[in-house]
Amino acid sequence: MLVEFKIFYYDEGWTARATDHGIVTQGETIGELVDNIIEATELYFEDEIGPEEQITINVTTEPVPDFILELDEIDAEPLTQQLELTFKVDRNVKATGC
């Protein structure tokens, strides 16, 4: 199974949202965000994924969404660094690789 996330940096933290599923999580650092993405994805699909199946997670950066900027009525600095990660979640051993 493939789950794609878009992430952005805003207000001193990272936010991730799945593009095709109702998964949203945050982290103060990229490492914390990745850990939270893995945990949130495992919990979201825990009843749907068998013990031998893997979840592949693809993460790419995006600018801060307009709806957030409109709510705060400010201009965020554009994201200058692009990041793309792909990793697999193995539910049997709880190990990941980036």
# chains A, B, ... in the order shown; residues from 1 in each chain; ligands from 1
>>> select_by_dssp(residues="segment 6-66 of chain A", states="helix (DSSP H, G or I)", output="mmCIF file with N, CA, C and O atoms, in the first residue's frame")
data_model
loop_
_atom_site.group_PDB
_atom_site.id
_atom_site.type_symbol
_atom_site.label_atom_id
_atom_site.label_comp_id
_atom_site.auth_asym_id
_atom_site.auth_seq_id
_atom_site.Cartn_x
_atom_site.Cartn_y
_atom_site.Cartn_z
ATOM 1 N N ILE A 30 12.054 17.411 11.698
ATOM 2 C CA ILE A 30 11.759 16.422 10.650
ATOM 3 C C ILE A 30 11.756 15.015 11.229
ATOM 4 O O ILE A 30 10.892 14.203 10.915
ATOM 5 N N GLY A 31 12.714 14.705 12.094
ATOM 6 C CA GLY A 31 12.765 13.375 12.707
ATOM 7 C C GLY A 31 11.512 13.054 13.495
ATOM 8 O O GLY A 31 10.952 11.962 13.383
ATOM 9 N N GLU A 32 11.064 14.003 14.295
ATOM 10 C CA GLU A 32 9.835 13.805 15.061
ATOM 11 C C GLU A 32 8.642 13.674 14.129
ATOM 12 O O GLU A 32 7.748 12.860 14.358
ATOM 13 N N LEU A 33 8.625 14.475 13.059
ATOM 14 C CA LEU A 33 7.527 14.401 12.097
ATOM 15 C C LEU A 33 7.472 13.026 11.436
ATOM 16 O O LEU A 33 6.403 12.427 11.329
ATOM 17 N N VAL A 34 8.624 12.508 11.020
ATOM 18 C CA VAL A 34 8.647 11.179 10.388
ATOM 19 C C VAL A 34 8.138 10.122 11.356
ATOM 20 O O VAL A 34 7.323 9.268 10.990
ATOM 21 N N ASP A 35 8.599 10.162 12.611
ATOM 22 C CA ASP A 35 8.102 9.208 13.613
ATOM 23 C C ASP A 35 6.587 9.309 13.763
ATOM 24 O O ASP A 35 5.881 8.298 13.835
ATOM 25 N N ASN A 36 6.066 10.539 13.783
ATOM 26 C CA ASN A 36 4.626 10.737 13.946
ATOM 27 C C ASN A 36 3.842 10.299 12.706
ATOM 28 O O ASN A 36 2.726 9.782 12.823
ATOM 29 N N ILE A 37 4.427 10.498 11.516
ATOM 30 C CA ILE A 37 3.784 10.016 10.285
ATOM 31 C C ILE A 37 3.651 8.505 10.326
ATOM 32 O O ILE A 37 2.592 7.943 10.012
ATOM 33 N N ILE A 38 4.715 7.827 10.715
ATOM 34 C CA ILE A 38 4.698 6.360 10.779
ATOM 35 C C ILE A 38 3.643 5.888 11.783
ATOM 36 O O ILE A 38 2.813 5.024 11.470
ATOM 37 N N GLU A 39 3.659 6.465 12.974
ATOM 38 C CA GLU A 39 2.707 6.051 14.001
ATOM 39 C C GLU A 39 1.261 6.325 13.575
ATOM 40 O O GLU A 39 0.384 5.472 13.716
ATOM 41 N N ALA A 40 1.008 7.514 13.031
ATOM 42 C CA ALA A 40 -0.354 7.864 12.613
ATOM 43 C C ALA A 40 -0.833 6.960 11.478
ATOM 44 O O ALA A 40 -2.004 6.553 11.454
ATOM 45 N N THR A 41 0.056 6.638 10.552
ATOM 46 C CA THR A 41 -0.311 5.773 9.428
ATOM 47 C C THR A 41 -0.612 4.364 9.910
ATOM 48 O O THR A 41 -1.588 3.738 9.479
ATOM 49 N N GLU A 42 0.225 3.842 10.798
ATOM 50 C CA GLU A 42 -0.026 2.509 11.362
ATOM 51 C C GLU A 42 -1.381 2.457 12.066
ATOM 52 O O GLU A 42 -2.143 1.510 11.900
ATOM 53 N N LEU A 43 -1.675 3.472 12.862
ATOM 54 C CA LEU A 43 -2.947 3.494 13.590
ATOM 55 C C LEU A 43 -4.132 3.619 12.638
ATOM 56 O O LEU A 43 -5.166 2.972 12.829
ATOM 57 N N TYR A 44 -3.988 4.446 11.613
ATOM 58 C CA TYR A 44 -5.080 4.659 10.658
ATOM 59 C C TYR A 44 -5.450 3.370 9.930
ATOM 60 O O TYR A 44 -6.614 3.089 9.688
ATOM 61 N N ASP A 66 -2.751 27.908 1.312
ATOM 62 C CA ASP A 66 -3.394 29.220 1.357
ATOM 63 C C ASP A 66 -4.416 29.353 2.481
ATOM 64 O O ASP A 66 -4.531 30.407 3.092
#
>>> residues_around(residues="Thr19 of chain A", least_positions_apart="5", cutoff="8 Å", atoms="only C-alpha atoms", output="list in words")
Val3, Glu4, Phe5 and Lys6 of chain A
>>> write_last_selection(atoms="C-alpha atoms", output="PDB file, in the first residue's frame")
ATOM      1  CA  VAL A   3       0.390   6.521   1.272  1.00  0.00           C
ATOM      2  CA  GLU A   4       1.508   9.956   0.089  1.00  0.00           C
ATOM      3  CA  PHE A   5       2.060  12.901   2.425  1.00  0.00           C
ATOM      4  CA  LYS A   6       2.612  16.594   1.743  1.00  0.00           C
TER       5      LYS A   6
END
>>> closest_residue(among="A:Val59, A:Gly22, A:Gly27, A:Gln54", to="Tyr9 of chain A", atoms="only C-alpha atoms")
A:Gly27
>>> atom_distance(atom1="atom CA of Thr60 of chain A", atom2="atom CA of Leu2 of chain A")
13.6 Å
>>> atom_distance(atom1="atom CA of Thr15 of chain A", atom2="atom CA of Phe45 of chain A")
19.7 Å
>>> atom_distance(atom1="atom CA of Glu46 of chain A", atom2="atom CA of Trp14 of chain A")
24.2 Å
>>> residues_around(residues="Thr86 of chain A", least_positions_apart="3", cutoff="8 Å", atoms="only C-alpha atoms", output="ChimeraX atom specification")
/A:56-59,98
>>> write_last_selection(atoms="C-alpha atoms", output="compact mmCIF listing (two decimals), in the first residue's frame")
# COMPACT_ATOMS: atom_id res chain seq x y z
CA THR A 56 5.14 2.54 1.65
CA ILE A 57 5.10 6.20 2.62
CA ASN A 58 6.13 8.94 0.20
CA VAL A 59 6.74 12.42 1.65
CA CYS A 98 14.63 6.09 4.54
